[in-house]
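For reference, data.txt is printed below; it contains compact mmCIF, C-alpha atoms.
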# COMPACT_ATOMS: atom_id res chain seq x y z
CA MET A 1 -103.41 -37.40 78.33
CA ASN A 2 -101.87 -40.76 79.13
CA ALA A 3 -99.02 -40.82 81.61
CA PRO A 4 -95.70 -41.47 79.88
CA PRO A 5 -94.36 -45.03 80.25
CA ASP A 6 -91.72 -43.91 82.71
CA PHE A 7 -94.18 -42.08 84.97
CA GLY A 8 -93.18 -42.50 88.55
CA VAL A 9 -89.52 -43.25 87.87
CA ARG A 10 -87.37 -41.23 90.24
CA PRO A 11 -84.01 -39.60 89.44
CA GLY A 12 -81.36 -42.31 89.34
CA GLU A 13 -83.88 -44.99 88.40
CA LYS A 14 -84.11 -46.77 85.07
CA ALA A 15 -87.13 -48.57 83.63
CA VAL A 16 -87.12 -51.06 80.75
CA GLU A 17 -89.84 -52.34 78.46
CA LEU A 18 -91.23 -55.60 79.79
CA PRO A 19 -92.00 -58.59 77.55
CA ALA A 20 -95.40 -58.34 75.85
CA GLN A 21 -96.73 -61.50 77.50
CA PRO A 22 -95.95 -63.48 80.65
CA ASP A 23 -94.29 -66.86 80.12
CA ALA A 24 -96.14 -68.79 82.83
CA GLY A 25 -98.89 -68.34 85.41
CA VAL A 26 -98.93 -68.57 89.19
CA TYR A 27 -101.81 -69.43 91.52
CA PHE A 28 -102.42 -67.56 94.75
CA ILE A 29 -102.69 -70.53 97.13
CA GLY A 30 -103.56 -68.56 100.26
CA ARG A 31 -103.18 -65.23 102.02
CA ILE A 32 -100.80 -63.83 104.61
CA HIS A 33 -102.30 -61.92 107.50
CA THR A 34 -100.06 -59.38 109.24
CA PRO A 35 -100.65 -56.36 111.51
CA TRP A 36 -99.56 -53.96 108.73
CA LYS A 37 -102.22 -52.34 106.54
CA GLU A 38 -100.01 -49.80 104.75
CA ARG A 39 -96.49 -49.96 103.44
CA LYS A 40 -95.28 -47.23 105.79
CA ASP A 41 -96.27 -49.40 108.76
CA CYS A 42 -94.27 -52.47 107.67
CA PRO A 43 -91.03 -53.26 109.53
CA LYS A 44 -87.92 -52.29 107.56
CA ASN A 45 -86.86 -55.92 107.36
CA ALA A 46 -88.13 -59.33 108.35
CA ARG A 47 -86.21 -59.48 111.63
CA GLY A 48 -87.53 -56.06 112.57
CA SER A 49 -90.61 -57.43 114.29
CA ASP A 50 -91.56 -60.28 116.60
CA ALA A 51 -95.19 -60.09 115.48
CA VAL A 52 -96.85 -63.47 115.00
CA CYS A 53 -98.39 -63.49 111.52
CA THR A 54 -100.87 -65.98 110.07
CA VAL A 55 -100.50 -67.82 106.78
CA GLU A 56 -103.87 -69.13 105.64
CA LEU A 57 -103.72 -71.83 102.98
CA ASP A 58 -106.71 -72.35 100.67
CA ALA A 59 -108.76 -75.42 101.63
CA ARG A 60 -107.93 -77.36 98.46
CA PHE A 61 -104.21 -77.40 99.30
CA ARG A 62 -104.35 -78.17 103.02
CA ASP A 63 -103.45 -81.85 102.73
CA GLY A 64 -100.08 -80.56 101.51
CA LEU A 65 -99.30 -79.44 105.07
CA LYS A 66 -98.69 -83.01 106.28
CA ASP A 67 -95.31 -83.15 108.12
CA VAL A 68 -94.80 -79.38 107.89
CA GLU A 69 -95.30 -79.19 111.67
CA SER A 70 -91.98 -81.01 112.06
CA CYS A 71 -90.08 -78.04 110.54
CA SER A 72 -88.65 -75.39 112.83
CA HIS A 73 -88.34 -72.87 109.99
CA LEU A 74 -89.96 -72.42 106.58
CA VAL A 75 -89.29 -70.56 103.35
CA LEU A 76 -92.32 -68.56 102.24
CA LEU A 77 -92.72 -67.19 98.73
CA TYR A 78 -95.33 -64.51 98.18
CA TRP A 79 -96.47 -62.01 95.57
CA MET A 80 -95.71 -58.31 95.99
CA ASP A 81 -98.03 -56.89 93.37
CA LYS A 82 -98.07 -53.27 94.50
CA ALA A 83 -94.66 -52.38 93.03
CA PRO A 84 -93.58 -51.58 89.44
CA ARG A 85 -92.02 -54.51 87.56
CA ASN A 86 -89.99 -52.53 85.03
CA LEU A 87 -87.19 -50.99 87.14
CA VAL A 88 -83.63 -52.27 86.65
CA LEU A 89 -81.93 -49.45 88.56
CA GLN A 90 -83.49 -48.14 91.77
CA THR A 91 -82.73 -45.56 94.43
CA PRO A 92 -84.33 -46.84 97.62
CA SER A 93 -85.28 -43.86 99.75
CA HIS A 94 -83.73 -45.26 102.95
CA TYR A 95 -80.36 -45.72 101.25
CA GLY A 96 -80.44 -42.83 98.74
CA VAL A 97 -77.96 -44.59 96.45
CA GLN A 98 -78.61 -46.10 93.03
CA ARG A 99 -78.42 -49.92 92.98
CA GLY A 100 -79.28 -52.66 90.53
CA THR A 101 -82.62 -54.34 91.15
CA PHE A 102 -80.95 -57.74 91.59
CA ALA A 103 -78.69 -56.38 94.33
CA LEU A 104 -81.77 -55.34 96.32
CA ARG A 105 -84.63 -57.11 98.11
CA SER A 106 -87.01 -54.36 96.98
CA PRO A 107 -90.49 -55.56 95.91
CA ALA A 108 -89.95 -53.69 92.61
CA ARG A 109 -88.54 -56.38 90.27
CA PRO A 110 -89.58 -58.14 87.04
CA ASN A 111 -91.17 -60.98 89.02
CA PRO A 112 -92.36 -59.55 92.35
CA ILE A 113 -91.81 -62.76 94.29
CA ALA A 114 -90.60 -62.15 97.84
CA MET A 115 -88.77 -64.81 99.84
CA SER A 116 -88.78 -64.85 103.64
CA VAL A 117 -87.39 -67.31 106.13
CA VAL A 118 -89.85 -67.64 109.02
CA LYS A 119 -89.99 -69.45 112.34
CA LEU A 120 -92.96 -71.80 112.59
CA MET A 121 -94.89 -71.40 115.85
CA GLY A 122 -97.80 -73.75 115.14
CA ILE A 123 -100.39 -75.01 112.65
CA GLU A 124 -104.14 -75.21 113.21
CA ASP A 125 -106.97 -75.70 110.67
CA GLY A 126 -104.78 -74.87 107.69
CA LYS A 127 -103.45 -71.72 109.35
CA LEU A 128 -99.74 -71.41 110.15
CA SER A 129 -98.54 -69.06 112.87
CA VAL A 130 -95.11 -67.70 111.95
CA VAL A 131 -92.60 -65.06 113.03
CA GLY A 132 -90.34 -63.23 110.59
CA LEU A 133 -92.54 -61.46 108.04
CA ASP A 134 -92.62 -57.82 107.02
CA CYS A 135 -95.31 -57.76 104.32
CA LEU A 136 -98.71 -56.11 104.04
CA ASP A 137 -101.85 -57.73 105.39
CA GLY A 138 -103.58 -59.75 102.67
CA THR A 139 -100.43 -60.51 100.63
CA PRO A 140 -101.00 -63.48 98.27
CA LEU A 141 -99.11 -66.67 99.14
CA LEU A 142 -97.26 -68.63 96.43
CA ASP A 143 -95.39 -71.39 98.23
CA ILE A 144 -94.32 -72.95 101.54
CA LYS A 145 -91.06 -74.93 101.68
CA PRO A 146 -89.11 -76.62 104.49
CA TYR A 147 -85.93 -74.69 105.38
CA PHE A 148 -82.88 -76.95 105.33
CA ALA A 149 -79.90 -75.49 107.18
CA SER A 150 -77.63 -77.81 105.18
CA THR A 151 -78.37 -76.01 101.89
CA ASP A 152 -80.07 -72.74 102.86
CA SER A 153 -77.95 -71.41 105.72
CA VAL A 154 -74.74 -69.50 104.94
CA PRO A 155 -73.85 -67.64 108.15
CA ASP A 156 -70.76 -65.96 106.71
CA ALA A 157 -72.36 -64.65 103.51
CA THR A 158 -71.71 -60.97 102.85
CA VAL A 159 -73.31 -58.19 100.82
CA GLY A 160 -70.46 -55.82 100.07
CA TRP A 161 -72.53 -52.74 99.27
CA HIS A 162 -74.43 -53.01 102.54
CA ARG A 163 -72.90 -51.17 105.45
CA LYS A 164 -74.36 -51.60 108.87
CA SER A 165 -75.24 -48.32 110.57
CA MET B 1 -109.75 -92.85 75.55
CA ASN B 2 -108.60 -89.85 77.54
CA ALA B 3 -106.27 -90.48 80.45
CA PRO B 4 -108.10 -90.05 83.75
CA PRO B 5 -107.33 -86.80 85.59
CA ASP B 6 -105.20 -88.60 88.14
CA PHE B 7 -103.07 -90.34 85.50
CA GLY B 8 -99.53 -90.63 86.73
CA VAL B 9 -100.39 -90.37 90.42
CA ARG B 10 -98.55 -93.08 92.33
CA PRO B 11 -99.87 -95.04 95.32
CA GLY B 12 -99.79 -92.79 98.37
CA GLU B 13 -100.06 -89.64 96.30
CA LYS B 14 -103.04 -87.29 96.17
CA ALA B 15 -103.92 -84.82 93.42
CA VAL B 16 -106.35 -81.91 93.69
CA GLU B 17 -108.17 -79.84 91.09
CA LEU B 18 -106.24 -76.68 90.35
CA PRO B 19 -107.89 -73.26 89.98
CA ALA B 20 -109.31 -72.67 86.49
CA GLN B 21 -107.08 -69.66 85.81
CA PRO B 22 -103.74 -68.41 87.10
CA ASP B 23 -103.86 -65.29 89.27
CA ALA B 24 -100.72 -63.58 87.94
CA GLY B 25 -98.03 -64.03 85.31
CA VAL B 26 -94.27 -64.43 85.52
CA TYR B 27 -91.60 -63.54 82.98
CA PHE B 28 -88.67 -65.81 82.25
CA ILE B 29 -85.83 -63.28 82.62
CA GLY B 30 -82.99 -65.59 81.60
CA ARG B 31 -81.83 -69.19 81.51
CA ILE B 32 -79.70 -71.37 83.76
CA HIS B 33 -77.02 -73.49 82.12
CA THR B 34 -75.90 -76.61 83.98
CA PRO B 35 -74.12 -79.83 83.03
CA TRP B 36 -77.32 -81.88 83.53
CA LYS B 37 -79.50 -82.65 80.52
CA GLU B 38 -81.86 -85.17 82.16
CA ARG B 39 -83.43 -85.33 85.56
CA LYS B 40 -81.68 -88.59 86.44
CA ASP B 41 -78.30 -86.83 86.01
CA CYS B 42 -79.05 -83.97 88.43
CA PRO B 43 -77.38 -84.04 91.86
CA LYS B 44 -79.76 -85.12 94.64
CA ASN B 45 -79.44 -81.74 96.28
CA ALA B 46 -77.82 -78.40 95.68
CA ARG B 47 -74.74 -79.13 97.79
CA GLY B 48 -74.24 -82.40 95.94
CA SER B 49 -72.08 -80.87 93.24
CA ASP B 50 -69.28 -78.34 92.94
CA ALA B 51 -70.09 -77.76 89.27
CA VAL B 52 -69.87 -74.13 88.18
CA CYS B 53 -73.16 -73.27 86.46
CA THR B 54 -73.98 -70.20 84.38
CA VAL B 55 -76.95 -67.91 84.86
CA GLU B 56 -77.59 -65.91 81.71
CA LEU B 57 -79.78 -62.86 82.16
CA ASP B 58 -81.72 -61.47 79.17
CA ALA B 59 -80.12 -58.33 77.74
CA ARG B 60 -83.00 -56.04 78.69
CA PHE B 61 -82.49 -56.74 82.41
CA ARG B 62 -78.68 -56.60 82.62
CA ASP B 63 -78.48 -53.10 84.11
CA GLY B 64 -80.17 -54.69 87.14
CA LEU B 65 -76.90 -56.51 87.93
CA LYS B 66 -75.21 -53.34 89.21
CA ASP B 67 -73.65 -54.04 92.65
CA VAL B 68 -74.52 -57.76 92.49
CA GLU B 69 -70.79 -58.51 92.20
CA SER B 70 -70.39 -57.34 95.80
CA CYS B 71 -72.52 -60.26 97.06
CA SER B 72 -70.80 -63.46 98.17
CA HIS B 73 -74.03 -65.47 97.86
CA LEU B 74 -77.31 -65.06 95.99
CA VAL B 75 -80.84 -66.43 96.15
CA LEU B 76 -81.99 -67.71 92.76
CA LEU B 77 -85.63 -68.38 91.94
CA TYR B 78 -86.37 -70.48 88.89
CA TRP B 79 -89.24 -72.28 87.21
CA MET B 80 -89.48 -76.08 87.34
CA ASP B 81 -92.09 -76.63 84.67
CA LYS B 82 -91.55 -80.35 84.07
CA ALA B 83 -93.42 -81.51 87.19
CA PRO B 84 -97.17 -81.86 87.91
CA ARG B 85 -98.70 -78.93 89.83
CA ASN B 86 -101.67 -80.74 91.36
CA LEU B 87 -100.07 -83.04 93.96
CA VAL B 88 -100.66 -82.27 97.65
CA LEU B 89 -99.36 -85.62 98.95
CA GLN B 90 -96.29 -87.20 97.38
CA THR B 91 -94.14 -90.28 97.85
CA PRO B 92 -90.66 -89.32 96.65
CA SER B 93 -88.96 -92.44 95.34
CA HIS B 94 -85.72 -91.87 97.29
CA TYR B 95 -87.61 -91.67 100.59
CA GLY B 96 -90.54 -94.02 99.87
CA VAL B 97 -92.71 -92.32 102.49
CA GLN B 98 -95.77 -90.16 101.91
CA ARG B 99 -95.23 -86.47 102.74
CA GLY B 100 -97.14 -83.26 102.23
CA THR B 101 -95.98 -81.20 99.25
CA PHE B 102 -95.15 -78.22 101.50
CA ALA B 103 -92.87 -80.38 103.66
CA LEU B 104 -90.80 -81.23 100.56
CA ARG B 105 -88.52 -79.38 98.15
CA SER B 106 -89.86 -81.49 95.26
CA PRO B 107 -90.44 -79.58 92.00
CA ALA B 108 -94.03 -80.92 92.02
CA ARG B 109 -96.01 -78.12 93.73
CA PRO B 110 -98.83 -75.69 92.82
CA ASN B 111 -96.30 -73.01 91.86
CA PRO B 112 -93.15 -74.79 90.63
CA ILE B 113 -90.78 -72.07 91.83
CA ALA B 114 -87.49 -73.46 93.12
CA MET B 115 -85.25 -71.50 95.48
CA SER B 116 -81.50 -72.11 95.69
CA VAL B 117 -78.78 -70.36 97.63
CA VAL B 118 -75.69 -70.16 95.43
CA LYS B 119 -72.13 -68.94 95.80
CA LEU B 120 -71.24 -66.22 93.29
CA MET B 121 -67.93 -66.87 91.51
CA GLY B 122 -68.03 -63.99 89.02
CA ILE B 123 -70.05 -61.94 86.53
CA GLU B 124 -69.14 -61.24 82.91
CA ASP B 125 -71.33 -59.88 80.07
CA GLY B 126 -74.58 -60.53 81.92
CA LYS B 127 -73.55 -64.08 82.77
CA LEU B 128 -73.13 -65.12 86.40
CA SER B 129 -70.94 -68.05 87.35
CA VAL B 130 -72.35 -69.77 90.43
CA VAL B 131 -71.92 -72.91 92.52
CA GLY B 132 -74.81 -74.63 94.30
CA LEU B 133 -77.41 -75.56 91.68
CA ASP B 134 -78.98 -78.93 90.92
CA CYS B 135 -81.41 -78.09 88.09
CA LEU B 136 -81.66 -79.11 84.46
CA ASP B 137 -79.80 -77.27 81.73
CA GLY B 138 -82.02 -74.57 80.22
CA THR B 139 -84.16 -73.99 83.32
CA PRO B 140 -85.97 -70.60 83.14
CA LEU B 141 -84.77 -67.94 85.60
CA LEU B 142 -87.28 -65.87 87.59
CA ASP B 143 -85.23 -63.78 90.00
CA ILE B 144 -81.83 -63.01 91.52
CA LYS B 145 -81.64 -61.62 95.06
CA PRO B 146 -78.79 -60.76 97.43
CA TYR B 147 -78.48 -63.29 100.29
CA PHE B 148 -78.43 -61.57 103.67
CA ALA B 149 -77.08 -63.77 106.45
CA SER B 150 -78.89 -61.54 108.97
CA THR B 151 -82.34 -62.61 107.75
CA ASP B 152 -81.76 -65.69 105.57
CA SER B 153 -79.34 -67.81 107.60
CA VAL B 154 -80.68 -70.04 110.39
CA PRO B 155 -77.89 -72.54 111.13
CA ASP B 156 -79.84 -74.42 113.81
CA ALA B 157 -83.07 -74.88 111.82
CA THR B 158 -84.34 -78.47 111.78
CA VAL B 159 -86.66 -80.57 109.63
CA GLY B 160 -88.01 -83.21 111.99
CA TRP B 161 -89.10 -85.73 109.37
CA HIS B 162 -85.68 -85.72 107.73
CA ARG B 163 -83.23 -88.23 109.10
CA LYS B 164 -79.67 -88.12 107.93
CA SER B 165 -78.44 -91.46 106.62
Would you kindly transcribe this structure into structure tokens?
Amino acid sequence: MNAPPDFGVRPGEKAVELPAQPDAGVYFIGRIHTPWKERKDCPKNARGSDAVCTVELDARFRDGLKDVESCSHLVLLYWMDKAPRNLVLQTPSHYGVQRGTFALRSPARPNPIAMSVVKLMGIEDGKLSVVGLDCLDGTPLLDIKPYFASTDSVPDATVGWHRKS
Amino acid sequence: MNAPPDFGVRPGEKAVELPAQPDAGVYFIGRIHTPWKERKDCPKNARGSDAVCTVELDARFRDGLKDVESCSHLVLLYWMDKAPRNLVLQTPSHYGVQRGTFALRSPARPNPIAMSVVKLMGIEDGKLSVVGLDCLDGTPLLDIKPYFASTDSVPDATVGWHRKS
């Protein structure tokens, strides 16, 4: 009566067997609060909304925010645990074409760590107000990093498979 | 005779107690090969070297590379497991000033996940040739993502505490 291992895999998708054990552990160091309670409500990408979201860091880590207020933009890493981790080929419904997992920003990937570049609006009591997120309310936070234009900004980068509509 | 819990913490640094258990697990999905065998040999930042490095993805995940060759640049996430995870205030030796962990790109952070933007030079047999890394040879790989200039590039971003020499 168990569902087969590939239950939920759509036509054009391919799942693989994951390693038996994880290799390392991550801590959830806070939570991200957004206006979006269900996946269907989330903006299609991170520049799709001007909503101000709140990143709440756990109390034990708050001293780590020293000097963060001097950054105009931040890199946030967070944990997208609602998606399968075993897909290597996917057919995102809004594209309808099969792509490799590592050519996509889909949450379905072996390590469901999302990366977003956000604009910092302010910090108060361990809570950061930011613009540029598209994730569900309550998403676990993994890391906050300063965004350095010198190493992180590549304005002329291209993704060949992606055609603008 | 045990070392105190704050062993290794330098003046101006602050360590906190970490959670008793990790909240989630990550898989090492490959390895990064670079010319640098010791930390002292690594470039000071990712644009400090033009060395071509190799990202070797484990065989089980290689189908996930479909369409990645069409990307000019990629985001790589990798695991920096040589650094302490409990520092919230740090005094990096090359700056000599105390900063919060989340205002730094130091590998010492609660979740030692590094993010680098790299230029893709080619892919062959599950091995990606890339430029733009500064990590140790053998570093575990966590993720490969396409870099979208539309959401990831902010050329005018600033880090106020950082003064160019």
Exercise. Point out the residue among B:Asp152, B:Pro110, B:Val75, B:Asp137 with the least atom-to-atom distance to Phe28 in chain A, counting only C-alpha atoms.
Key: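 Of B:Asp152, B:Pro110, B:Val75, B:Asp137, the one nearest Phe28 in chain A is B:Pro110, counting only C-alpha atoms.
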Practice problem: Kindly provide, as a VMD selection string, the residues of chain A having any atom no farther than 7 Å from an atom of chain B, counting all atoms listed in the file. | Solution: chain A and resid 16 22 to 28 46 to 47 60 to 61 63 to 68 70 to 73 88 to 89 99 to 105 111 117 142 to 146 148 to 149 151 to 161
Self-check item: CA of Asp41 in chain B to CA of Met80 in chain B, distance in Å rounded to a single decimal
Solution: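 Separating CA of Asp41 in chain B from CA of Met80 in chain B is a distance of 15.6 Å.
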Quiz item: Do you have the CA of Thr139 in chain B-CA of Ile123 in chain B distance handy?
Solution: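 Computed distance, CA of Thr139 in chain B to CA of Ile123 in chain B, equals 18.8 Å.
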Exercise. Enter the distance from CA of Thr34 in chain B to CA of Pro107 in chain B, in Å, rounded to one decimal.
Key: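 Separation of CA of Thr34 in chain B and CA of Pro107 in chain B: 16.9 Å.
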Draw an axis-aligned box over all listed atoms of range 31-46 of chain B, pad each side with 6 Å, and write its centre and edge lengths in Å, one decimal, as lines of an AutoDock Vina configuration file.
center_x = -78.8
center_y = -78.9
center_z = 88.4
size_x = 21.3
size_y = 31.4
size_z = 27.8
